[in-house]
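Take a look at the structure set out below.
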Amino acid sequence: MDRRALLAVVLSLLILIAYEQFLRFYYGTPPSPTEGERSAGRQALPELAPQQTEAAPAALEAAGPPIEEPAVGAVPTPAVPERIVEVESPLWVAQFSTHGGRLVSWRLKKYRTTVEPQSPPLELILPAPEGEAPFAVELRGPAVPKLDDRRVAYEPSQERLAVSDSEPVTLVFRGKMEGAQVVKTFIFRAEGYDIGHTLSVSEVPPGYNELVTSWSRAREPKTRLPPVFSKVAYLEGKKLLEQNFSDLEKGVILSGEVWWTAFTDHYFFAGLALDVAADQPRRLWLKERGSWVEQKWLLPLSGQNLTLQMTAYLGPKDVDALQQAGHRFDRAVDLGWFGFVAVPLLHIMQFSHRFTGNYGIDIILLTVLVKLLFVPLTQSSFKSMQQLQKLQPQMARIREKFKDDPQQMNKELLELYRRHKVNPLGGCLPMLLQLPVFIGLYSALTHAVELRHAPFILWIRDLSAPDRLGSIAIPFVEPPGIPVLTLLMGASMFVQQWMTPSVGDPTQRQVMLIMPVLFTFMFIGFPSGLTLYWLVNNVLTIAQQYYMTRTTK
């Protein structure tokens with residue numbers, strides 16, 4: 001394989017990966033569903049006037065009545081005063097309202113709103129002004145008025161709960177909705193971010209044929225802080241799909257094998273899964289309504305009674321915690337093709353953090369470990385490039401002599417390699433073998449929630465944010481400040497390129513020296529943890545090349 005072609009492929013892959021992560025980090029723009037996907041059970045709906053109903057598509061009519069547009073306005077409050085039931089564990093503090101038996105607050109103890117130490121715990125739940133909040137319940141029918149339990153005063157089994165041991169803790173809300181008996185049971189674990197939820201509805205009045213449970217959230221006010229959630233995600237079959245809130249203005253109905261729905265973003269996840277059989281009829285309604293984003297599960301109600309099991313997860317995108325919660329929630333963390341490499345590397349970094357207490361040091365140690373594992377391959381690649389470099393004069397003469405006969409030129413080059421016992425692929429294969437590990441490490445550092453608000457040293461207070469020293473306004477640099485770590489990374493990459501043995505013409509070498517400049521501009525907006533990894537990797541490569549060059553001489 002020609003080294004220039006291989007190098008072009010490797011650099012193109014790195015640039016594509018970096019560009020994709022740049023878009024995700026700044027904009028979070030997911031691919032929109034294709035027309036083929038829509039025809040398989042995803043139906044976009046036009047806007048409906050308040051209190052009107054549009055005829056559902058034929059494929060969905062059998063599942064029950066279509067969604068109504070609710071009237072906008074204040075929700076009547078029950079005559080009984082509202083009480084707040086608080087549940088606290090070592091990981092979170094939750095609050096439920098007796099008005100509707102809804103979850104109105106879920107604050108994470110280990111994660112703060114901003115990087116400031118006095119910043120309040122991160123809030124994942126925002127009830128909408130119209131009363132929309134998780135675990136609200138509705139009953140619907142084609143010829144009867146909708147029943148909504150936001151107006152119901154529930155009676156809780158306890159006023160305050162502490163979840164502190166290995167045994168699950170249960171909270172029960174009981175209420176009556178126009179004759180229908182509603183029981184909401186919540187189960188909490190001290191060591192997890194998940195909630196087990198059982199919804200039981202009995203004595204349903206005649207005419208109602210669909211039960212709706214809500215997983216909605218208000219949109220966050222526009223501030224200088226990035227929103228906690230900006231996308232809706234759902235797992236349909238084996239396919240993870242994400243959509244920006246703005247893509248749901250017309251509303252979407254999903255039917256079929258939908259496992260869970262969620263609010264998501266780079267580091268956090270709030271999802272709800274139904275514990276139902278894969279073939280059980282169900283629909284999922286998604287819509288952006290301006291002040292809030294609506295996610296509702298709709299299930300057919302054939303009699304007067306229905307019991308529904310659900311599981312919710314509200315916490316960080318931690319692979320282990322998501323796997324413990326079950327229901328394929330771990331699919332929310334997309335580590336790419338080399339996730340099987342990224343997950344063990346994350347575990348190694350978490351293990352070393354027990355001793356260092358600094359994730360910046362953990363990144364350095366992890367980079368050193370990966371570099372040591374590939375020392376034999378790197379040495380083999382370096383020796384092959386040195387051997388090819390020695391043959392450059394003879395290769396140049398052959399190319400000049402047979403420039404009009406490519407077939408004979410390749411034959412002479414192969415004979416030259418054979419005579420000097422040089423493998424032209426010797427410098428390529430080690431690079432290809434290392435590429436999955438480098439990409440896996442890159443993906444692990446990009447998605448590691450542990451780096452959020454994690455300080456390193458000096459001016460680097462957040463390894464998940466771009467490094468900035470001071471607040472000097474520099475063109476094309478946002479946020480303002482001097483990207484010291486990024487500049488050091490670019491300089492190290494320049495030195496590395498300059499020290500790498502050249503097996504091409506001088507023009508090619510000059511072109512390759514431009515790559516550090518391009519990467520420096522590309523990394524200006526990247527998280528400082530990722531830049532630190534790249535810098536340390538470059539420094540170790542420079543040291544290794546220097547040592548091998550001295551040894552060879």
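Residues are named by chain letter and number: chains run A, B, ... in the order of the structure tokens, numbers start at 1 in each chain, and ligands are numbered from 1 in the order shown.
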Please return as a ChimeraX atom specification: the residues of stretch 265-431 of chain A that backbone DSSP assigns to strand (DSSP E or B). /A:268-274,283-288,292-300,306-316
Store the residues picked out above, limited to N, CA and C atoms, as a JSON list (two decimals), in the first residue's frame.
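Contents of selection_9.json, as written:
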[["chain", "number", "residue", "atom", "x", "y", "z"],
["A", 268, "PHE", "N", -26.57, 13.65, 29.86],
["A", 268, "PHE", "CA", -27.65, 13.20, 30.75],
["A", 268, "PHE", "C", -28.80, 12.61, 29.94],
["A", 269, "PHE", "N", -29.61, 11.82, 30.65],
["A", 269, "PHE", "CA", -30.65, 11.02, 30.00],
["A", 269, "PHE", "C", -31.82, 10.87, 30.96],
["A", 270, "ALA", "N", -33.03, 11.12, 30.47],
["A", 270, "ALA", "CA", -34.25, 10.91, 31.25],
["A", 270, "ALA", "C", -35.21, 10.11, 30.38],
["A", 271, "GLY", "N", -35.28, 8.81, 30.63],
["A", 271, "GLY", "CA", -36.05, 7.92, 29.76],
["A", 271, "GLY", "C", -37.12, 7.15, 30.50],
["A", 272, "LEU", "N", -38.14, 6.72, 29.75],
["A", 272, "LEU", "CA", -39.25, 5.93, 30.29],
["A", 272, "LEU", "C", -39.49, 4.74, 29.37],
["A", 273, "ALA", "N", -39.48, 3.54, 29.96],
["A", 273, "ALA", "CA", -39.71, 2.30, 29.20],
["A", 273, "ALA", "C", -40.94, 1.60, 29.74],
["A", 274, "LEU", "N", -41.69, 0.96, 28.85],
["A", 274, "LEU", "CA", -42.86, 0.16, 29.23],
["A", 274, "LEU", "C", -42.44, -1.29, 29.35],
["A", 283, "ARG", "N", -48.71, 3.00, 21.34],
["A", 283, "ARG", "CA", -48.31, 4.12, 20.48],
["A", 283, "ARG", "C", -47.54, 5.12, 21.32],
["A", 284, "LEU", "N", -46.68, 5.86, 20.64],
["A", 284, "LEU", "CA", -45.90, 6.90, 21.30],
["A", 284, "LEU", "C", -46.13, 8.20, 20.55],
["A", 285, "TRP", "N", -46.52, 9.23, 21.29],
["A", 285, "TRP", "CA", -46.82, 10.55, 20.71],
["A", 285, "TRP", "C", -45.73, 11.53, 21.13],
["A", 286, "LEU", "N", -45.15, 12.22, 20.15],
["A", 286, "LEU", "CA", -44.10, 13.21, 20.39],
["A", 286, "LEU", "C", -44.50, 14.52, 19.74],
["A", 287, "LYS", "N", -44.40, 15.63, 20.50],
["A", 287, "LYS", "CA", -44.74, 16.92, 19.93],
["A", 287, "LYS", "C", -44.09, 18.05, 20.73],
["A", 288, "GLU", "N", -43.60, 19.04, 20.00],
["A", 288, "GLU", "CA", -43.07, 20.26, 20.61],
["A", 288, "GLU", "C", -44.18, 21.30, 20.60],
["A", 292, "TRP", "N", -43.40, 23.59, 26.15],
["A", 292, "TRP", "CA", -43.00, 22.28, 26.64],
["A", 292, "TRP", "C", -42.95, 21.29, 25.49],
["A", 293, "VAL", "N", -42.30, 20.16, 25.76],
["A", 293, "VAL", "CA", -42.18, 19.06, 24.80],
["A", 293, "VAL", "C", -42.94, 17.87, 25.36],
["A", 294, "GLU", "N", -43.83, 17.35, 24.57],
["A", 294, "GLU", "CA", -44.76, 16.32, 25.01],
["A", 294, "GLU", "C", -44.32, 14.95, 24.52],
["A", 295, "GLN", "N", -44.23, 14.00, 25.45],
["A", 295, "GLN", "CA", -44.02, 12.60, 25.12],
["A", 295, "GLN", "C", -45.08, 11.79, 25.87],
["A", 296, "LYS", "N", -45.90, 11.06, 25.15],
["A", 296, "LYS", "CA", -46.98, 10.32, 25.78],
["A", 296, "LYS", "C", -47.09, 8.92, 25.20],
["A", 297, "TRP", "N", -47.21, 7.95, 26.12],
["A", 297, "TRP", "CA", -47.49, 6.58, 25.73],
["A", 297, "TRP", "C", -49.00, 6.36, 25.73],
["A", 298, "LEU", "N", -49.52, 5.71, 24.69],
["A", 298, "LEU", "CA", -50.95, 5.44, 24.56],
["A", 298, "LEU", "C", -51.16, 3.93, 24.42],
["A", 299, "LEU", "N", -51.99, 3.37, 25.31],
["A", 299, "LEU", "CA", -52.24, 1.93, 25.30],
["A", 299, "LEU", "C", -53.73, 1.66, 25.22],
["A", 300, "PRO", "N", -54.13, 0.65, 24.46],
["A", 300, "PRO", "CA", -55.56, 0.33, 24.35],
["A", 300, "PRO", "C", -56.12, -0.17, 25.68],
["A", 306, "LEU", "N", -56.85, -1.95, 34.10],
["A", 306, "LEU", "CA", -55.57, -2.08, 33.39],
["A", 306, "LEU", "C", -54.45, -1.80, 34.39],
["A", 307, "THR", "N", -53.43, -2.66, 34.37],
["A", 307, "THR", "CA", -52.22, -2.49, 35.17],
["A", 307, "THR", "C", -51.03, -2.43, 34.24],
["A", 308, "LEU", "N", -50.24, -1.41, 34.41],
["A", 308, "LEU", "CA", -49.12, -1.16, 33.50],
["A", 308, "LEU", "C", -47.83, -1.01, 34.30],
["A", 309, "GLN", "N", -46.80, -1.75, 33.90],
["A", 309, "GLN", "CA", -45.49, -1.67, 34.54],
["A", 309, "GLN", "C", -44.57, -0.78, 33.69],
["A", 310, "MET", "N", -43.81, 0.09, 34.36],
["A", 310, "MET", "CA", -42.89, 0.99, 33.67],
["A", 310, "MET", "C", -41.59, 1.10, 34.47],
["A", 311, "THR", "N", -40.54, 1.54, 33.80],
["A", 311, "THR", "CA", -39.27, 1.84, 34.44],
["A", 311, "THR", "C", -38.73, 3.14, 33.88],
["A", 312, "ALA", "N", -38.35, 4.05, 34.77],
["A", 312, "ALA", "CA", -37.78, 5.33, 34.35],
["A", 312, "ALA", "C", -36.33, 5.40, 34.79],
["A", 313, "TYR", "N", -35.54, 6.16, 34.04],
["A", 313, "TYR", "CA", -34.15, 6.42, 34.41],
["A", 313, "TYR", "C", -33.90, 7.91, 34.27],
["A", 314, "LEU", "N", -33.38, 8.53, 35.32],
["A", 314, "LEU", "CA", -33.08, 9.95, 35.29],
["A", 314, "LEU", "C", -31.70, 10.16, 35.90],
["A", 315, "GLY", "N", -30.71, 10.31, 35.03],
["A", 315, "GLY", "CA", -29.36, 10.45, 35.55],
["A", 315, "GLY", "C", -28.34, 10.64, 34.45],
["A", 316, "PRO", "N", -27.07, 10.42, 34.78],
["A", 316, "PRO", "CA", -26.00, 10.62, 33.81],
["A", 316, "PRO", "C", -25.98, 9.49, 32.79]]
Those in stretch 339-496 of chain A with helix (DSSP H, G or I) from DSSP, as a ChimeraX atom specification: /A:339-356,359-373,375-390,392-401,406-419,429-447,449-451,484-496
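Counting from atom CA of A:Leu463, the distance to atom CA of A:Ala491 is 20.4 Å.
From atom CA of A:Pro127 back to atom CA of A:Glu191, the distance works out to 25.6 Å.
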Counting only C-alpha atoms, what are the residues of stretch 209-238 of chain A within 9 Å of stretch 138-143 of chain A, and for each of them which pair of atoms is the nearest and at what distance in Å, to one decimal? Sort the table by chain and rising number, as CSV.
residue,atom,partner,partner_atom,distance
A:Asn209,CA,A:Gly141,CA,5.3
A:Glu210,CA,A:Arg140,CA,5.2
A:Leu211,CA,A:Leu139,CA,5.0
A:Val212,CA,A:Glu138,CA,4.9
A:Thr213,CA,A:Glu138,CA,6.5
A:Ser214,CA,A:Glu138,CA,8.2
A:Thr367: which residues within 9 Å, counting only C-alpha atoms, same-chain residues fewer than 4 positions away excluded, as a tab-separated table (two decimals) with N, CA and C atoms, in the first residue's frame?
chain	number	residue	atom	x	y	z
A	362	ASP	N	-5.76	11.05	35.20
A	362	ASP	CA	-6.25	9.76	34.70
A	362	ASP	C	-6.14	9.69	33.18
A	363	ILE	N	-6.43	10.79	32.50
A	363	ILE	CA	-6.30	10.81	31.03
A	363	ILE	C	-4.83	10.61	30.64
A	371	LYS	N	-0.16	3.85	24.92
A	371	LYS	CA	1.08	4.02	24.17
A	371	LYS	C	2.04	2.88	24.43
A	372	LEU	N	2.14	2.43	25.70
A	372	LEU	CA	3.03	1.33	26.03
A	372	LEU	C	2.59	0.03	25.36
A	441	LEU	N	-10.65	5.28	22.24
A	441	LEU	CA	-10.25	6.18	23.31
A	441	LEU	C	-10.81	7.58	23.08
A	533	TYR	N	-5.53	14.61	25.95
A	533	TYR	CA	-5.16	13.28	25.45
A	533	TYR	C	-4.31	13.38	24.20
A	534	TRP	N	-4.73	14.22	23.24
A	534	TRP	CA	-4.01	14.35	21.97
A	534	TRP	C	-2.61	14.93	22.21
A	536	VAL	N	-0.74	14.76	25.03
A	536	VAL	CA	0.11	13.76	25.69
A	536	VAL	C	0.53	12.68	24.70
A	537	ASN	N	-0.39	12.25	23.86
A	537	ASN	CA	-0.07	11.23	22.86
A	537	ASN	C	1.02	11.73	21.91
A	540	LEU	N	4.44	11.81	23.77
A	540	LEU	CA	4.99	10.46	23.90
A	540	LEU	C	5.52	9.94	22.57
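The nearest approach to A:Val319 among the residues A:Leu391, A:Ala448, A:Met349, A:Ala133, with only C-alpha atoms taken into account, belongs to A:Ala448.
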List the neighbours of A:Lys222 out to 12 Å using only C-alpha atoms; skip same-chain residues closer than 6 positions along the sequence, and give me the result as a list in words. Val228, Ser230 and Ser291 of chain A
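We find atom CA of A:Trp106 and atom CA of A:Glu86 to be spaced 9.9 Å apart.
The shortest atom-to-atom distance to A:Leu535, with only C-alpha atoms taken into account, belongs to A:Ile364 out of A:Val115, A:Ile482, A:Met395, A:Ile364.
Minimum atom-to-atom distance to A:Ala342, evaluated using only C-alpha atoms, belongs to A:Thr446 out of A:Ala321, A:Thr446, A:Asn244, A:Leu414.
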Could you name the residues that touch A:Glu203 at 9 Å or less, counting only C-alpha atoms, but leaving out those on the same chain fewer than 3 positions away, as a PDB file with N, CA and C atoms, in the first residue's frame?
ATOM      1  N   GLY A 179     -64.682   8.736  38.994  1.00  0.00           N
ATOM      2  CA  GLY A 179     -65.156   7.374  39.216  1.00  0.00           C
ATOM      3  C   GLY A 179     -64.096   6.318  39.030  1.00  0.00           C
ATOM      4  N   ALA A 180     -63.107   6.571  38.205  1.00  0.00           N
ATOM      5  CA  ALA A 180     -62.035   5.602  37.978  1.00  0.00           C
ATOM      6  C   ALA A 180     -61.035   5.648  39.131  1.00  0.00           C
ATOM      7  N   GLN A 181     -60.698   4.485  39.646  1.00  0.00           N
ATOM      8  CA  GLN A 181     -59.722   4.392  40.725  1.00  0.00           C
ATOM      9  C   GLN A 181     -58.311   4.311  40.121  1.00  0.00           C
ATOM     10  N   GLY A 303     -61.141  -3.087  28.783  1.00  0.00           N
ATOM     11  CA  GLY A 303     -62.137  -3.285  29.827  1.00  0.00           C
ATOM     12  C   GLY A 303     -62.111  -2.147  30.827  1.00  0.00           C
ATOM     13  N   GLN A 304     -62.529  -2.438  32.026  1.00  0.00           N
ATOM     14  CA  GLN A 304     -62.574  -1.417  33.069  1.00  0.00           C
ATOM     15  C   GLN A 304     -61.298  -1.354  33.890  1.00  0.00           C
ATOM     16  N   ASN A 305     -60.394  -2.320  33.717  1.00  0.00           N
ATOM     17  CA  ASN A 305     -59.181  -2.396  34.531  1.00  0.00           C
ATOM     18  C   ASN A 305     -57.946  -2.519  33.640  1.00  0.00           C
TER      19      ASN A 305
END
